[in-house]
Amino acid sequence: MDLLLHLRYFRTVAEEQHFGRAAARLRMAQPSLSQRIQRLERELGVRLLDRGPRGATLTPAGRLVLADTEHLLTAADRLTATVARVHSGALGTLRAAVPPGLGAPAVGALLTAFRTRSPGADLELRELPTTEQTAELTAGTLDVGIVRHPCPAPGLAFGPTLHQPLGALLAADDPLAAPPELPTAALTGRDLVLFPRAEAPALHDETLTACARHGCTPATVHEAAGPDFTRGLVLSGHAIALVPRTPDGAGTVWRPLRGNPVTWRTSTAWPDGKDGPAVRLFADTAHEILREHADMRPAPSARMVFPRPASEFPL
Amino acid sequence: MTPHPAARRITAAFTDAGVTGRLHATDIDTGAALGVGSDTPVPTASVHKLCLVATLYRRAHLGLVDPTRPVDIPAEGRAPGSTGLSVMRDAARLSLRDLASLAVAVSDNTAADLLWDALGLDTVNTTMAELGLTHTRAVHTMRELYETMREDAAGDPAAYTDPAAVTRLRALDPTRTNRSTPREITALLAAVWRDEVCPGEYGEELRALLGLQAWTHRLAAGFPFDDVRVSGKTGSLPTLRHEAGVVEYPDGGRYAVAVFTRAASTDVTLPAADAAIGRAARIAVDALRTPSA
């Protein structure tokens, strides 16, 4: 027996104090309603209503059951509404992640914006490198993330790609720091500082390939894991770090590369087929925030692609 | 089963190149083997041409097909491809076995499709099943495979380098495209080299044909030794780079290796990912040649 449904019938009869009127309100036949109330009485083992010629009146037991019925139905309605809000993304815990180095302004804005748009939802945000995010998205311990590309794709779906230009972090007295922007080729022969290759080999290679494509062949490439060590190498004089936009200060300045030819690609990612409303809300919010607060932009223009014969597939 | 000590180094070689990879390597004569994800279903791409040419020669050996039978090749209706008949302009006429040569030497998709048409998908699948390869299955020809790519990309070639679009390509899903496992592909190669697919003259001819491949950037790159012979067949689709082949040393050691990779990057030109196939293969072959390594 569906107890909640039968209690709803009972409440209606109690409110109308009449089987006929209650049946009309419930849009069902009176005999059917009578049978259901009898079934409820059998199930509970008490008589709830006295049936008289002028209508139905509550028994003392019926009055007690009605009071609890109100509580139960109110709680049930609340439960249904909650579940509906979870489905719509307005409520529940969303397990999300951002990659290291996204910048404090972007992370702060993302948390604020998500909370504003989804006041009841609990956002559990962690900082995880792309490789760990893909592992957790696959394992089901993460719902959605912001990943840097190249990102291993099996089992994942991605939001639209955004590009974050890299620029040169230079010592403030470096002659290259004088103009407001510099050509990538000007970095040729200098020591470059980049994140450790082991953290993301494909991105490391892609970044240096983009430098080469635009005329920059560095003398050596130093690997530096954190902003402090990176800045230290730059302050030592000869090295230039390739990093996203960084505030000037502490003896260093950041200069864009002319035409922004070297970019890091970023997108949201989630397990394929599991883009519920909460995931989509996070993905849409993240896309906006990254554009506003992390210096990211849509792809400049479609890149020419010339596959070589050994690539085996034509475009 | 505990993983082979070399497995960790093979995985590291894949990771270092920004790819995930599956590999199986086997000593053709002793049956000693090692692998990483050896039984994982993989989309075979052009590696499936191995199954195609092996079927041609097995049926030739059984007297069911004449490999010298000429095939008319009209100028129109050729399969997409960047080499061989796919890029040639005029009508031609070639024998079945010369089509097989083109399909292996330069991964000629038109040559392969003429063979698929001549033999039939079912015949190739049945032949593989007869050899005990029950997870090796072709579901479409090369032109049908490219048709799924065109449909999935909705006519936009840029989709092949867009990470979000690449994840939607059916051609990369082993449940919906031509497929096998690393272990089954090395089993096929080992069978060819052990004369179990077709003995005698046809066996010799098939092995010689599999040594014709022009590319050296993948498997062969791992064995840059004049006295070592490398036969193989590559396979590639967006983010996929494969090669399966046989490596023969002058001391008589011969090893079948199959390497299937998927790159994180959607770039079409990725020399590091190509080279990782040779590097991983050599780690595997060295481990089989020196069991203590």
# chains A, B, ... in the order shown; residues from 1 in each chain; ligands from 1

$ interface_residues --of "chain A" --to "chain B" --cutoff "7 Å" --atoms "only C-alpha atoms" --output "PyMOL selection string"
chain A and resi 150-153+157-159+201-202+307+309-315

$ select_by_dssp --residues "stretch 33-99 of chain A" --states "alpha helix (DSSP H)" --output "MDAnalysis selection string"
chainID A and resid 33:44 60:88

$ write_last_selection --atoms "C-alpha atoms" --output "PDB file, in the first residue's frame"
ATOM      1  CA  LEU A  33     -12.414   6.315  -2.253  1.00  0.00           C
ATOM      2  CA  SER A  34     -14.396   4.473   0.412  1.00  0.00           C
ATOM      3  CA  GLN A  35     -12.485   1.279  -0.327  1.00  0.00           C
ATOM      4  CA  ARG A  36      -9.161   3.039  -0.016  1.00  0.00           C
ATOM      5  CA  ILE A  37     -10.058   4.603   3.339  1.00  0.00           C
ATOM      6  CA  GLN A  38     -11.173   1.168   4.571  1.00  0.00           C
ATOM      7  CA  ARG A  39      -7.887  -0.266   3.411  1.00  0.00           C
ATOM      8  CA  LEU A  40      -5.987   2.458   5.341  1.00  0.00           C
ATOM      9  CA  GLU A  41      -8.055   1.729   8.457  1.00  0.00           C
ATOM     10  CA  ARG A  42      -7.252  -2.002   8.093  1.00  0.00           C
ATOM     11  CA  GLU A  43      -3.559  -1.238   7.615  1.00  0.00           C
ATOM     12  CA  LEU A  44      -3.420   1.036  10.690  1.00  0.00           C
ATOM     13  CA  PRO A  60     -10.702  10.377  18.382  1.00  0.00           C
ATOM     14  CA  ALA A  61      -8.084   8.099  16.802  1.00  0.00           C
ATOM     15  CA  GLY A  62      -8.771   9.764  13.445  1.00  0.00           C
ATOM     16  CA  ARG A  63      -8.023  13.195  14.953  1.00  0.00           C
ATOM     17  CA  LEU A  64      -4.619  11.955  16.244  1.00  0.00           C
ATOM     18  CA  VAL A  65      -3.775  10.329  12.911  1.00  0.00           C
ATOM     19  CA  LEU A  66      -4.778  13.496  11.037  1.00  0.00           C
ATOM     20  CA  ALA A  67      -2.309  15.608  13.072  1.00  0.00           C
ATOM     21  CA  ASP A  68       0.555  13.264  12.238  1.00  0.00           C
ATOM     22  CA  THR A  69      -0.648  13.021   8.644  1.00  0.00           C
ATOM     23  CA  GLU A  70      -0.150  16.771   8.250  1.00  0.00           C
ATOM     24  CA  HIS A  71       3.452  16.472   9.463  1.00  0.00           C
ATOM     25  CA  LEU A  72       4.149  13.499   7.228  1.00  0.00           C
ATOM     26  CA  LEU A  73       2.698  15.052   4.073  1.00  0.00           C
ATOM     27  CA  THR A  74       4.460  18.366   4.671  1.00  0.00           C
ATOM     28  CA  ALA A  75       7.762  16.512   5.095  1.00  0.00           C
ATOM     29  CA  ALA A  76       7.055  14.452   1.975  1.00  0.00           C
ATOM     30  CA  ASP A  77       6.326  17.584  -0.055  1.00  0.00           C
ATOM     31  CA  ARG A  78       9.558  19.128   1.179  1.00  0.00           C
ATOM     32  CA  LEU A  79      11.457  16.000   0.184  1.00  0.00           C
ATOM     33  CA  THR A  80      10.013  16.053  -3.328  1.00  0.00           C
ATOM     34  CA  ALA A  81      10.868  19.728  -3.721  1.00  0.00           C
ATOM     35  CA  THR A  82      14.427  19.126  -2.500  1.00  0.00           C
ATOM     36  CA  VAL A  83      14.974  16.316  -4.945  1.00  0.00           C
ATOM     37  CA  ALA A  84      13.627  18.493  -7.735  1.00  0.00           C
ATOM     38  CA  ARG A  85      16.112  21.223  -6.819  1.00  0.00           C
ATOM     39  CA  VAL A  86      18.965  18.710  -6.716  1.00  0.00           C
ATOM     40  CA  HIS A  87      17.962  17.634 -10.223  1.00  0.00           C
ATOM     41  CA  SER A  88      17.861  21.218 -11.398  1.00  0.00           C
TER      42      SER A  88
END

$ closest_residue --among "B:Leu219, B:Leu145, B:Lys233, B:Ala112" --to "B:Ala284" --atoms "only C-alpha atoms"
B:Leu219

$ residues_around --residues "A:His163" --least-positions-apart "6" --cutoff "10 Å" --atoms "only C-alpha atoms" --output "JSON, numbers by chain"
{"A": [148, 149, 260, 262, 263, 264, 265, 266, 267, 290, 291, 294, 295, 296, 297, 298, 299, 300]}
